[in-house]
Each structure stands twice: as C-alpha cells, then as structure tokens.
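File shown: work.cif (mmCIF, C-alpha atoms and all ligand atoms).
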```cif
data_input
loop_
_atom_site.label_atom_id
_atom_site.label_comp_id
_atom_site.auth_asym_id
_atom_site.auth_seq_id
_atom_site.Cartn_x
_atom_site.Cartn_y
_atom_site.Cartn_z
CA MET B 14 74.60 82.80 185.01
CA ALA B 15 78.38 82.56 185.26
CA PHE B 16 79.84 81.18 182.03
CA GLY B 17 76.37 81.29 180.48
CA TRP B 18 77.90 82.59 177.24
CA ILE B 19 79.62 79.26 176.59
CA ASP B 20 76.25 77.60 175.92
CA GLU B 21 75.80 79.79 172.85
CA GLN B 22 79.26 78.80 171.64
CA ALA B 23 78.40 75.13 172.18
CA ARG B 24 75.19 75.57 170.16
CA LEU B 25 77.06 77.17 167.26
CA ARG B 26 79.67 74.42 167.38
CA ARG B 27 76.99 71.72 167.26
CA ARG B 28 75.28 73.43 164.35
CA ALA B 29 78.56 73.61 162.40
CA GLY B 30 79.33 69.93 163.11
CA LEU B 31 82.54 70.91 164.92
CA VAL B 32 82.01 69.36 168.37
CA ARG B 33 85.06 67.52 169.72
CA THR B 34 84.81 64.61 172.12
CA LEU B 35 87.29 62.56 174.13
CA ARG B 36 87.46 58.84 173.65
CA PRO B 37 89.70 56.76 175.95
CA ARG B 38 92.04 54.50 173.99
CA PRO B 39 92.09 50.86 175.18
CA ALA B 40 95.54 49.54 176.13
CA GLU B 41 95.20 46.72 173.62
CA SER B 42 93.46 48.37 170.69
CA PRO B 43 92.17 46.11 167.93
CA LEU B 44 92.47 49.04 165.50
CA LEU B 45 95.25 49.48 162.97
CA ASP B 46 96.79 52.76 164.15
CA LEU B 47 97.50 55.44 161.56
CA ALA B 48 96.39 58.23 163.87
CA SER B 49 99.11 58.53 166.52
CA ASN B 50 102.40 60.42 166.27
CA ASP B 51 104.38 57.31 167.17
CA TYR B 52 106.34 57.59 163.90
CA LEU B 53 108.96 54.98 164.70
CA GLY B 54 106.64 52.59 166.53
CA LEU B 55 108.65 53.04 169.73
CA ALA B 56 105.98 54.07 172.26
CA HIS B 57 105.31 50.43 173.19
CA HIS B 58 108.85 49.15 172.77
CA PRO B 59 109.90 47.13 175.86
CA ALA B 60 113.21 49.03 176.15
CA ILE B 61 111.35 52.34 176.35
CA ALA B 62 108.82 51.07 178.90
CA GLU B 63 111.74 49.74 180.95
CA GLY B 64 113.57 53.09 180.61
CA ALA B 65 110.49 54.80 182.07
CA ALA B 66 110.00 52.20 184.84
CA GLU B 67 113.64 52.21 185.90
CA ALA B 68 113.67 56.03 186.01
CA ALA B 69 110.49 56.11 188.11
CA ARG B 70 111.90 53.50 190.52
CA THR B 71 115.13 55.46 190.94
CA TRP B 72 113.89 59.06 190.84
CA GLY B 73 110.18 58.83 191.74
CA GLY B 74 106.90 59.54 190.04
CA GLY B 75 107.57 63.23 189.55
CA SER B 76 110.62 65.47 189.32
CA THR B 77 109.55 67.16 192.62
CA GLY B 78 110.18 70.77 191.60
CA SER B 79 111.34 73.37 189.14
CA ARG B 80 114.46 72.45 187.21
CA LEU B 81 116.26 75.29 189.05
CA VAL B 82 115.35 73.92 192.50
CA THR B 83 114.99 70.12 192.85
CA GLY B 84 113.70 69.12 189.41
CA THR B 85 117.03 68.39 187.69
CA THR B 86 118.26 64.80 187.99
CA GLU B 87 121.29 63.15 186.40
CA LEU B 88 118.80 61.71 183.89
CA HIS B 89 117.84 65.20 182.71
CA THR B 90 121.44 66.26 182.14
CA GLU B 91 122.29 62.94 180.46
CA LEU B 92 119.26 63.28 178.16
CA GLU B 93 120.25 66.86 177.29
CA ARG B 94 123.84 65.88 176.53
CA GLU B 95 122.78 62.96 174.33
CA LEU B 96 120.06 64.90 172.49
CA ALA B 97 122.51 67.70 171.70
CA GLY B 98 125.13 65.21 170.51
CA PHE B 99 122.67 63.26 168.36
CA CYS B 100 121.19 66.32 166.66
CA GLY B 101 124.58 68.06 166.28
CA PHE B 102 124.07 71.04 168.58
CA GLU B 103 126.26 72.45 171.32
CA ALA B 104 123.61 72.30 174.05
CA ALA B 105 120.06 71.20 174.81
CA LEU B 106 117.43 71.95 177.44
CA VAL B 107 114.44 69.68 178.08
CA PHE B 108 110.96 70.91 179.01
CA SER B 109 107.78 69.23 180.25
CA SER B 110 106.31 69.49 176.74
CA GLY B 111 107.12 70.59 173.22
CA TYR B 112 104.48 73.28 173.70
CA ALA B 113 106.42 74.70 176.65
CA ALA B 114 109.69 74.47 174.69
CA ASN B 115 108.20 76.52 171.85
CA LEU B 116 106.80 79.17 174.19
CA ALA B 117 110.25 79.38 175.81
CA ALA B 118 112.23 79.67 172.58
CA VAL B 119 110.06 82.31 170.93
CA THR B 120 109.43 84.50 173.97
CA THR B 121 113.06 84.60 175.11
CA LEU B 122 114.56 85.16 171.65
CA ALA B 123 112.16 87.93 170.58
CA PRO B 124 112.57 90.78 173.09
CA HIS B 125 110.86 94.16 173.11
CA GLY B 126 111.62 96.03 169.89
CA SER B 127 112.34 92.90 167.87
CA LEU B 128 110.55 91.53 164.82
CA ILE B 129 109.21 87.97 164.66
CA VAL B 130 108.53 86.72 161.15
CA SER B 131 106.19 83.74 161.41
CA ASP B 132 105.24 81.24 158.66
CA ALA B 133 101.45 81.15 158.17
CA GLY B 134 101.43 77.35 158.54
CA ASN B 135 103.04 77.29 161.98
CA HIS B 136 101.83 75.10 164.84
CA ALA B 137 99.60 76.64 167.52
CA SER B 138 102.41 76.50 170.08
CA LEU B 139 104.66 78.70 167.92
CA ILE B 140 101.73 81.06 167.31
CA ASP B 141 101.14 81.29 171.05
CA GLY B 142 104.87 81.93 171.53
CA CYS B 143 104.54 84.90 169.16
CA ARG B 144 101.49 86.14 171.06
CA LEU B 145 103.33 86.01 174.38
CA ALA B 146 106.60 87.50 173.11
CA ARG B 147 107.38 91.20 173.54
CA GLY B 148 108.46 91.53 169.90
CA THR B 149 106.11 92.40 167.02
CA THR B 150 104.90 89.53 164.85
CA GLN B 151 104.53 89.62 161.09
CA VAL B 152 102.90 86.53 159.57
CA VAL B 153 104.19 85.69 156.08
CA PRO B 154 102.67 83.37 153.45
CA HIS B 155 103.45 79.68 153.92
CA SER B 156 106.92 78.48 152.80
CA ASP B 157 107.78 81.71 150.99
CA PRO B 158 111.46 82.76 151.51
CA GLU B 159 110.97 85.89 149.38
CA ALA B 160 108.16 87.06 151.67
CA VAL B 161 110.46 86.42 154.65
CA ARG B 162 113.19 88.50 153.01
CA LYS B 163 110.76 91.35 152.40
CA ALA B 164 109.45 91.24 155.97
CA LEU B 165 112.96 91.23 157.43
CA ARG B 166 113.86 94.32 155.33
CA THR B 167 111.10 96.34 157.03
CA HIS B 168 112.79 96.25 160.44
CA GLU B 169 115.93 97.55 162.13
CA GLY B 170 117.13 95.75 165.25
CA PRO B 171 116.89 92.12 166.38
CA ALA B 172 114.79 89.81 164.23
CA VAL B 173 113.92 86.15 164.20
CA LEU B 174 112.19 83.84 161.72
CA VAL B 175 109.98 81.19 163.31
CA SER B 176 108.84 78.12 161.38
CA ASP B 177 107.94 74.46 161.66
CA THR B 178 110.39 72.23 159.76
CA VAL B 179 107.58 69.85 158.78
CA PHE B 180 104.06 71.28 158.93
CA SER B 181 101.70 69.19 160.99
CA VAL B 182 98.59 69.49 158.80
CA ASP B 183 99.90 68.57 155.32
CA GLY B 184 103.26 67.03 156.25
CA ASP B 185 105.13 69.32 153.83
CA ALA B 186 108.63 70.53 154.71
CA ALA B 187 109.69 74.19 155.07
CA PRO B 188 112.37 75.51 152.68
CA LEU B 189 114.92 75.47 155.51
CA ALA B 190 118.06 76.25 153.49
CA ALA B 191 116.37 79.22 151.79
CA TYR B 192 114.96 80.38 155.13
CA ALA B 193 118.45 80.26 156.67
CA GLU B 194 119.88 82.21 153.75
CA ALA B 195 117.21 84.92 154.07
CA CYS B 196 117.98 85.20 157.81
CA ARG B 197 121.75 85.38 157.27
CA GLU B 198 121.49 88.19 154.71
CA ARG B 199 119.96 90.26 157.47
CA GLY B 200 121.71 88.86 160.59
CA ALA B 201 118.42 87.45 161.88
CA GLY B 202 118.05 84.32 164.00
CA LEU B 203 116.19 81.20 162.85
CA VAL B 204 114.00 79.24 165.28
CA VAL B 205 112.54 76.04 163.86
CA ASP B 206 110.23 73.46 165.39
CA ASP B 207 111.37 69.97 164.37
CA ALA B 208 108.54 68.11 166.14
CA HIS B 209 107.74 66.11 162.98
CA GLY B 210 111.31 65.92 161.67
CA LEU B 211 113.25 64.51 164.63
CA GLY B 212 113.56 60.75 164.26
CA VAL B 213 112.34 60.80 160.66
CA LEU B 214 114.50 63.21 158.61
CA GLY B 215 118.27 63.55 158.41
CA ASP B 216 120.89 60.83 158.75
CA GLY B 217 119.44 58.19 161.13
CA GLY B 218 116.66 60.59 162.20
CA ARG B 219 118.91 63.46 163.34
CA GLY B 220 116.24 65.88 162.16
CA ALA B 221 115.46 68.35 159.40
CA PRO B 222 118.04 70.99 160.48
CA PHE B 223 120.75 68.30 160.36
CA ALA B 224 119.57 67.29 156.87
CA ALA B 225 119.72 70.94 155.76
CA GLY B 226 123.29 71.40 157.06
CA LEU B 227 122.12 73.79 159.80
CA ALA B 228 122.96 71.68 162.85
CA GLY B 229 125.29 73.45 165.25
CA ALA B 230 125.01 76.84 163.52
CA GLU B 231 125.34 79.78 165.92
CA ASP B 232 122.26 81.49 164.46
CA VAL B 233 119.93 78.46 164.50
CA VAL B 234 117.78 77.26 167.40
CA VAL B 235 115.70 74.09 167.14
CA THR B 236 112.77 72.97 169.25
CA ALA B 237 111.28 69.48 169.24
CA THR B 238 108.98 67.20 171.15
CA LEU B 239 109.90 63.93 172.85
CA SER B 240 106.33 62.73 172.32
CA LYS B 241 106.36 61.71 168.66
CA SER B 242 109.30 59.73 167.23
CA LEU B 243 110.81 59.22 170.68
CA GLY B 244 107.61 57.67 172.03
CA SER B 245 107.79 59.54 175.35
CA GLN B 246 106.61 62.95 176.53
CA GLY B 247 108.32 66.31 176.89
CA GLY B 248 110.09 68.89 174.75
CA VAL B 249 113.57 70.18 173.99
CA VAL B 250 115.35 73.29 172.76
CA LEU B 251 118.68 72.73 170.98
CA GLY B 252 121.17 75.45 170.11
CA PRO B 253 124.36 77.26 171.05
CA ALA B 254 125.28 77.02 174.77
CA ARG B 255 124.83 80.79 175.18
CA VAL B 256 121.23 80.52 173.96
CA VAL B 257 120.50 77.60 176.29
CA ASP B 258 122.02 79.56 179.21
CA HIS B 259 119.77 82.47 178.28
CA LEU B 260 116.71 80.17 178.37
CA VAL B 261 117.69 78.77 181.78
CA ASN B 262 117.74 82.32 183.10
CA ALA B 263 114.83 83.87 181.23
CA ALA B 264 112.30 81.30 179.96
CA ARG B 265 109.19 81.39 182.12
CA THR B 266 107.98 77.95 180.97
CA PHE B 267 111.32 76.58 182.17
CA ILE B 268 111.70 78.51 185.43
CA PHE B 269 108.11 78.30 186.69
CA ASP B 270 107.26 74.81 185.47
CA THR B 271 107.96 71.53 187.27
CA GLY B 272 110.80 69.67 185.57
CA LEU B 273 110.12 66.88 183.08
CA ALA B 274 108.96 63.69 184.89
CA PRO B 275 111.85 61.22 185.38
CA ALA B 276 109.88 58.45 183.65
CA ALA B 277 109.50 60.62 180.55
CA ALA B 278 113.21 61.49 180.59
CA GLY B 279 114.12 57.81 181.03
CA ALA B 280 111.83 56.72 178.19
CA ALA B 281 113.19 59.42 175.84
CA LEU B 282 116.77 58.47 176.68
CA ALA B 283 116.04 54.79 175.96
CA ALA B 284 114.38 55.74 172.66
CA LEU B 285 117.29 57.91 171.62
CA ARG B 286 119.76 55.11 172.33
CA LEU B 287 117.59 52.67 170.41
CA LEU B 288 117.40 55.03 167.45
CA ARG B 289 121.18 55.45 167.44
CA GLY B 290 121.54 51.67 167.30
CA GLU B 291 118.83 51.23 164.65
CA PRO B 292 119.20 54.20 162.27
CA GLU B 293 117.23 52.39 159.56
CA ARG B 294 113.98 53.14 161.46
CA ALA B 295 114.00 56.74 160.14
CA ALA B 296 114.38 55.68 156.50
CA ARG B 297 111.68 53.05 156.98
CA ALA B 298 109.18 55.69 158.21
CA ARG B 299 109.93 57.79 155.11
CA ALA B 300 109.55 54.76 152.83
CA VAL B 301 106.19 53.86 154.42
CA ALA B 302 105.00 57.44 153.87
CA ALA B 303 106.05 57.34 150.20
CA GLU B 304 104.30 54.01 149.68
CA LEU B 305 101.11 55.17 151.40
CA HIS B 306 101.06 58.30 149.26
CA ALA B 307 101.71 56.40 146.02
CA ARG B 308 98.94 53.87 146.73
CA LEU B 309 96.44 56.54 147.80
CA THR B 310 97.00 58.72 144.74
CA ALA B 311 96.85 55.64 142.49
CA ALA B 312 93.45 54.94 144.05
CA GLY B 313 92.29 58.45 143.11
CA HIS B 314 92.63 60.22 146.47
CA GLU B 315 93.97 63.75 146.71
CA ALA B 316 97.00 63.33 148.98
CA VAL B 317 99.89 65.74 149.57
CA ARG B 318 103.34 64.31 148.69
CA PRO B 319 104.88 63.66 152.13
CA ASP B 320 108.26 65.13 153.07
CA ALA B 321 108.35 63.19 156.36
CA ALA B 322 105.95 60.69 157.98
CA VAL B 323 102.66 62.62 157.79
CA VAL B 324 100.33 61.84 154.89
CA SER B 325 97.39 64.17 154.44
CA VAL B 326 94.31 63.25 152.38
CA ARG B 327 91.70 65.84 151.40
CA ALA B 328 88.15 65.34 152.63
CA PRO B 329 85.09 66.90 150.99
CA SER B 330 83.84 68.81 154.07
CA PRO B 331 84.21 68.92 157.88
CA GLU B 332 81.18 66.61 158.24
CA GLY B 333 82.53 64.37 155.48
CA ALA B 334 85.90 64.15 157.23
CA VAL B 335 84.29 63.20 160.55
CA ARG B 336 82.11 60.56 158.88
CA TRP B 337 85.06 59.22 156.86
CA ALA B 338 87.23 58.88 159.98
CA ALA B 339 84.35 57.26 161.90
CA ASP B 340 83.68 54.77 159.10
CA CYS B 341 87.41 53.93 158.97
CA ARG B 342 87.26 53.25 162.71
CA THR B 343 84.25 50.96 162.29
CA ALA B 344 86.25 49.10 159.65
CA GLY B 345 89.19 48.71 162.08
CA LEU B 346 91.41 51.64 161.07
CA ALA B 347 92.26 54.65 163.27
CA VAL B 348 93.07 57.82 161.31
CA GLY B 349 93.38 61.46 162.34
CA CYS B 350 90.74 63.97 161.31
CA PHE B 351 91.68 67.64 160.83
CA ARG B 352 88.98 70.25 160.35
CA PRO B 353 88.38 73.90 161.19
CA PRO B 354 89.46 75.62 163.38
CA SER B 355 92.61 73.40 163.48
CA VAL B 356 93.09 74.02 159.76
CA PRO B 357 93.28 77.75 159.02
CA ASP B 358 92.64 77.24 155.28
CA GLY B 359 89.27 75.61 156.09
CA ILE B 360 90.12 72.42 154.19
CA SER B 361 89.31 69.27 156.16
CA ARG B 362 91.63 66.30 155.88
CA LEU B 363 92.29 62.80 157.05
CA ARG B 364 95.75 62.70 158.56
CA LEU B 365 97.65 59.44 158.36
CA THR B 366 100.81 58.53 160.20
CA ALA B 367 103.33 56.43 158.30
CA ARG B 368 104.71 54.37 161.19
CA ALA B 369 108.07 52.71 160.56
CA ASP B 370 106.72 49.40 161.86
CA LEU B 371 103.78 49.12 159.41
CA SER B 372 103.96 46.04 157.20
CA GLY B 373 103.17 46.01 153.48
CA ALA B 374 99.94 44.13 154.24
CA GLN B 375 98.92 46.77 156.80
CA ILE B 376 99.57 49.59 154.34
CA GLU B 377 97.48 47.77 151.74
CA ARG B 378 94.66 47.24 154.25
CA ALA B 379 94.70 50.91 155.29
CA VAL B 380 94.45 52.09 151.68
CA ARG B 381 91.63 49.62 150.99
CA VAL B 382 89.60 50.77 154.03
CA ILE B 383 90.13 54.45 153.16
CA GLY B 384 88.87 53.74 149.62
CA GLU B 385 85.86 51.69 150.75
CA THR B 386 84.72 54.31 153.30
CA ARG B 387 85.28 57.41 151.16
CA PRO B 388 82.22 59.70 151.54
N1 LIG T 1 105.02 71.53 167.59
C1 LIG T 1 104.37 70.78 166.66
C2 LIG T 1 104.63 71.03 165.22
C3 LIG T 1 103.46 69.80 167.07
O1 LIG T 1 102.79 69.08 166.16
C4 LIG T 1 103.26 69.61 168.46
C5 LIG T 1 102.36 68.51 168.98
N2 LIG T 1 101.15 68.38 168.44
C6 LIG T 1 103.93 70.41 169.36
C7 LIG T 1 104.82 71.34 168.89
C8 LIG T 1 103.70 70.30 170.82
O2 LIG T 1 104.47 69.29 171.38
P1 LIG T 1 103.98 68.59 172.71
O3 LIG T 1 102.86 67.71 172.32
O4 LIG T 1 105.19 67.86 173.19
O5 LIG T 1 103.56 69.65 173.64
#
```
Could you express the structure from this file as structure tokens?
Ligand code: PMP
Amino acid sequence: MAFGWIDEQARLRRRAGLVRTLRPRPAESPLLDLASNDYLGLAHHPAIAEGAAEAARTWGGGSTGSRLVTGTTELHTELERELAGFCGFEAALVFSSGYAANLAAVTTLAPHGSLIVSDAGNHASLIDGCRLARGTTQVVPHSDPEAVRKALRTHEGPAVLVSDTVFSVDGDAAPLAAYAEACRERGAGLVVDDAHGLGVLGDGGRGAPFAAGLAGAEDVVVTATLSKSLGSQGGVVLGPARVVDHLVNAARTFIFDTGLAPAAAGAALAALRLLRGEPERAARARAVAAELHARLTAAGHEAVRPDAAVVSVRAPSPEGAVRWAADCRTAGLAVGCFRPPSVPDGISRLRLTARADLSGAQIERAVRVIGETRP
C-alpha cells in the first residue's frame, strides 16, 4: 500500500505518547493565554486589525504574485523602510514567513566552499537553511563562543556563524557580543534570528542586535518574524543594502514565493508604528517575564531565568508535560508544551509567554494554576 510505512511511524508515536493534534482556537477564548507568541499583546489590537483591513481593501486579499513580478506594493516598501529604520539597519526585505526569511538568509550567504557554524540550540528554520545551503555546516555546542572560534579556525574561505538571538525552547539569549567578536577575528559574517528578540529586547523593542550594539554593522545580518511581537504574519531580513540586493537576486524563497499578503504587511506596519509610539511595551514584557520567573521559582518550580519574554518550566516527562498542560487548560490556563522531538536534549517543558498586557492578578492566577496542576 502506498504510504503504508507511515502507519508504523504512527504506532511508534502513539506508544511513545508523542502524538500531536490540532485544536481550533475559538475567537473569544475563555482561557488565560500564556501559550501564544503575542508578546506585546498586539495581535488583537484594533489599530492592527484596521491596518490589515485597510490594506486588504486597498490591495486585495493576496499580493497576486512574486515580489519581482506583481507582488510588491507601496505597503511592502514602506514596511521595509520602517523596519530597517526602527531596527537600525540600512535595508530590509520582507518575506511571507520568518521560516522563508531564514532559509533565504542562510542559503544565500553560505555559498559552495563556505563554512556555516551553527549553534546547537538553533530553531528548525535555521537548521533547514543549513541543510539547503551549499556550504558545509559545523554544529557547535550551545552558546559557546570559544567553540565558534575553534570551528572558524578550521576553515579557509568564506564563513558565517548562524544563531538565534533568543532561543525558543528555554528563552535564554545568545552571547551576541562574544559571537560578533569571534566572527570579526576571522572576517566571518554573523547571521542571527531575532524572532524572539524583536519587540522585546533593546531600546523600545529594537531587538537583541540593537541592544548588543550590532545594529547597522556591515558584517551582521538579522532575520525576524512579523508573527510574534508584531502580531501579524511574515518575516524579514535586515542588513546592509548590498546583502539585501543579493537576496533579491539569489534567494529562492524570495524569488519563487508569492509576496507577503497585503493584510499582513498592513498589520505589521500598524504594529511597528504603535510600538514606536509606546516603547514601554517592550520593558513591560520583560518585567512580566521576570515576575513570572520569580514567582515560579519561589513556588519550587525549575524555571530558566528569562532573557526575553519566554519562560520555560521543566516537566518530569513527555507524558507529564502533556498532562500538566492539559490540566492547566482544564483550569482555564493555556500554556505551551515542548517535548521530543522539538527539544533535542529530550527534556520536556511547559513554555510560558510573558505577554506585556498581563496584569498582576493574571500572573498570580497563572502561577497558582501551574502549582495546583503540577504532575
Ligand atoms: N525563528 C524562530 C526562532 C522561531 O521561533 C520561529 C517561529 N516559531 C521562526 C523563526 C519562524 O517564523 P515564522 O513563524 O514567521 O515562519
């Protein structure tokens, strides 16, 4: 039977308690949400919904084609100009997703004969970028600048270090300044994914590279998603204009993909303008994360100290994590649940999002529910 082999995989998955299922989210959820990536609480903001609606009314439901043919509107160029200005880079290019942006950045900046040094904690989209690139990948231990230095010394010719700025599983930050130093000693490029840093870290949410003094550097390229802090959908690559021009001409996920939907561009633009006018949102997300962490550890949970807005709590086992998250849901709290194979170290976790718009009472309630449902 065609595809018969997948039944065996399904059986093994069931036996290991690792089956994933889709559950539609109601528009008006009664749950307290600590599971989404809506770090600044902007996804439902009326100005962002209006930005999307206005863009769809003006430009249509889709962008109608590749960015190089009919898929570039004034909205796209405006969004790119404003994103570059906000984050402190010369140029920006938006994509239909952060995933596509990462594939584009890594594949086009790591040609045949080059070395890609990749942090072991990197997101799947960076890993897939390495797999698709023509260069050779060397994975180095997580957040270890000395290991990066050593790896870079093994290679002559073009080299690039690829890393998340904030790692999605534990919410810890990469040693960006040390990474940049290791790259500069060797003339290597640095490509960092700021999906979890944009909107949360740096002055007013300008991102982790801005906070590390790397914004606008000629050897630094940043990718990010528009789907987390900016409450929209899509991705972006920020960097020197010559790098962005190179991507326009060489990145397959840019050239052969339909341009970002106008509604998504309009929503992201509205969110960016809102963030510029309300810079305190970023600091509030960080403060909520610190408070969540402090209360959880005081209650005896094993939680990683957050560097941004992700708070990760250890669970006893994959089954325990699933049960814990389900019991939280029954008690009115939505939390993320990370377990193998999404976590390469095999440690299952609850993943909590410290949204900027959470009140003190909501934080207290979340911590209470997590304590009461602990397996
Ligand atoms: N990078 C990181 C670190 C992410 O967490 C994600 C989203 N889960 C992505 C990239 C992909 O972004 P998008 O969802 O916009 O494709």
For B:Cys100, the nearest of the candidates B:Phe180, B:Phe223, B:Tyr192, B:Trp18, counting all atoms listed in the file: B:Phe223
- request: Could you tell me how far atom CA of B:Ile383 lies from atom CA of B:Ala307, in Å and to one decimal?
  value: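 If I compute the distance from atom CA of B:Ile383 to atom CA of B:Ala307, I get 13.7 Å.
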- request: Pick out the residues no farther than 8 Å from ligand LIG 1 (chain T), counting all atoms listed in the file, and list them as a list of chain:residue names.
  value: B:Ser109, B:Ser110, B:Gly111, B:Tyr112, B:Ala113, B:Ala114, B:Asn115, B:Asn135, B:His136, B:Ala137, B:Ser138, B:Leu139, B:Asp177, B:Val179, B:Phe180, B:Ser181, B:Asp206, B:Asp207, B:Ala208, B:His209, B:Ala237, B:Thr238, B:Leu239, B:Ser240, B:Lys241, B:Gln246, B:Gly247, B:Gly248
Against stretch 56-64 of chain B, which residues of stretch 155-246 of chain B fall within 8 Å? For each one I want the closest pair of atoms and the distance in Å (one decimal), counting only C-alpha atoms, rows by chain and increasing residue number, as a Markdown table.
```
| residue | atom | partner | partner_atom | distance |
| --- | --- | --- | --- | --- |
| B:Leu243 | CA | B:Ala56 | CA | 7.2 |
| B:Gly244 | CA | B:Ala56 | CA | 4.0 |
| B:Ser245 | CA | B:Ala56 | CA | 6.5 |
```
query: Which polymer residues have any atom within 8 Å of an atom of stretch 168-171 of chain B, counting all atoms listed in the file, with same-chain residues fewer than 5 positions away left out, as a list in words?
result: Ala123, Gly126, Ser127, Leu128 and Ala201 of chain B
query: Pick the closest to B:Val335 from B:Cys350, B:Ala195, B:Val250, B:Ala322: which is it, counting only C-alpha atoms?
result: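 Among the listed residues, B:Cys350 lies closest to B:Val335.
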- prompt: Do you know which residues lie at most 12 Å from (89.2, 75.0, 166.0), with coordinates as in the file and all atoms listed in the file counted, and could you write them as a PyMOL selection string?
  reply: chain B and resi 26+29-33+137+331+351-359+361
task: Can you pull out every residue within 9 Å of B:Leu273, counting all atoms listed in the file, but drop anything in the same chain fewer than 3 positions away, and send it as a PyMOL selection string?
output: chain B and resi 75-76+79-80+84-85+89+107-110+246-248+270+276-278
field: Which of B:Ala339, B:Leu371, B:Met14, B:Ala296 sits closest to B:Val213 [using all atoms listed in the file]
entry: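 The closest residue to B:Val213 is B:Ala296.
Note that the spacing between atom CA of B:Thr120 and atom CA of B:Ser49 amounts to 28.9 Å.
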field: For atom CA of B:Gly313 and atom CA of B:Arg362, the interatomic separation in Å (one decimal)
entry: 15.0 Å
message: Ranking B:Val205, B:Val130, B:Ala40, B:Ala221 by minimum distance to B:Ala321 and counting only C-alpha atoms, which one comes first?
response: B:Ala221
task: Name the closest residue to B:Pro292 among the candidates B:Leu305, B:Ala374, B:Ala228, B:Ala369; distances are taken between atoms, counting all atoms listed in the file.
output: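 When distances to B:Pro292 are compared using all atoms listed in the file, the smallest one comes from B:Ala369.
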Enumerate, as a tab-separated table (two decimals) with C-alpha atoms, in the coordinates of the input, the protein, DNA and RNA residues whose atoms approach (125.0, 75.2, 163.6) to within 8 Å, taking into account all atoms listed in the file and the coordinate frame of the file.
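And here is the file that came out, part.tsv:
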```
chain	number	residue	atom	x	y	z
B	101	GLY	CA	124.58	68.06	166.28
B	102	PHE	CA	124.07	71.04	168.58
B	226	GLY	CA	123.29	71.40	157.06
B	227	LEU	CA	122.12	73.79	159.80
B	228	ALA	CA	122.96	71.68	162.85
B	229	GLY	CA	125.29	73.45	165.25
B	230	ALA	CA	125.01	76.84	163.52
B	231	GLU	CA	125.34	79.78	165.92
B	232	ASP	CA	122.26	81.49	164.46
B	233	VAL	CA	119.93	78.46	164.50
B	252	GLY	CA	121.17	75.45	170.11
B	253	PRO	CA	124.36	77.26	171.05
```
message: Calculated over all atoms listed in the file, which of the candidates B:Leu145, B:Ala379, B:Ala224, B:Val173 has the smallest distance to B:Val161?
response: B:Val173
message: Need to verify the contact set: stretch 162-164 of chain B, 12 Å, only C-alpha atoms, exclusion of same-chain residues closer than 5 positions in sequence. Can you return it as a list in words?
response: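 Neighbouring residues, sequence-local ones excluded: Leu128, Ile129, Val130, Ser131, Asp132, Thr149, Thr150, Gln151, Val152, Val153, Pro154, Ser156, Asp157, Glu169, Ala172, Val173, Leu174, Ala191, Tyr192, Ala193, Glu194, Ala195, Cys196, Arg197, Glu198, Arg199, Gly200 and Ala201 of chain B.
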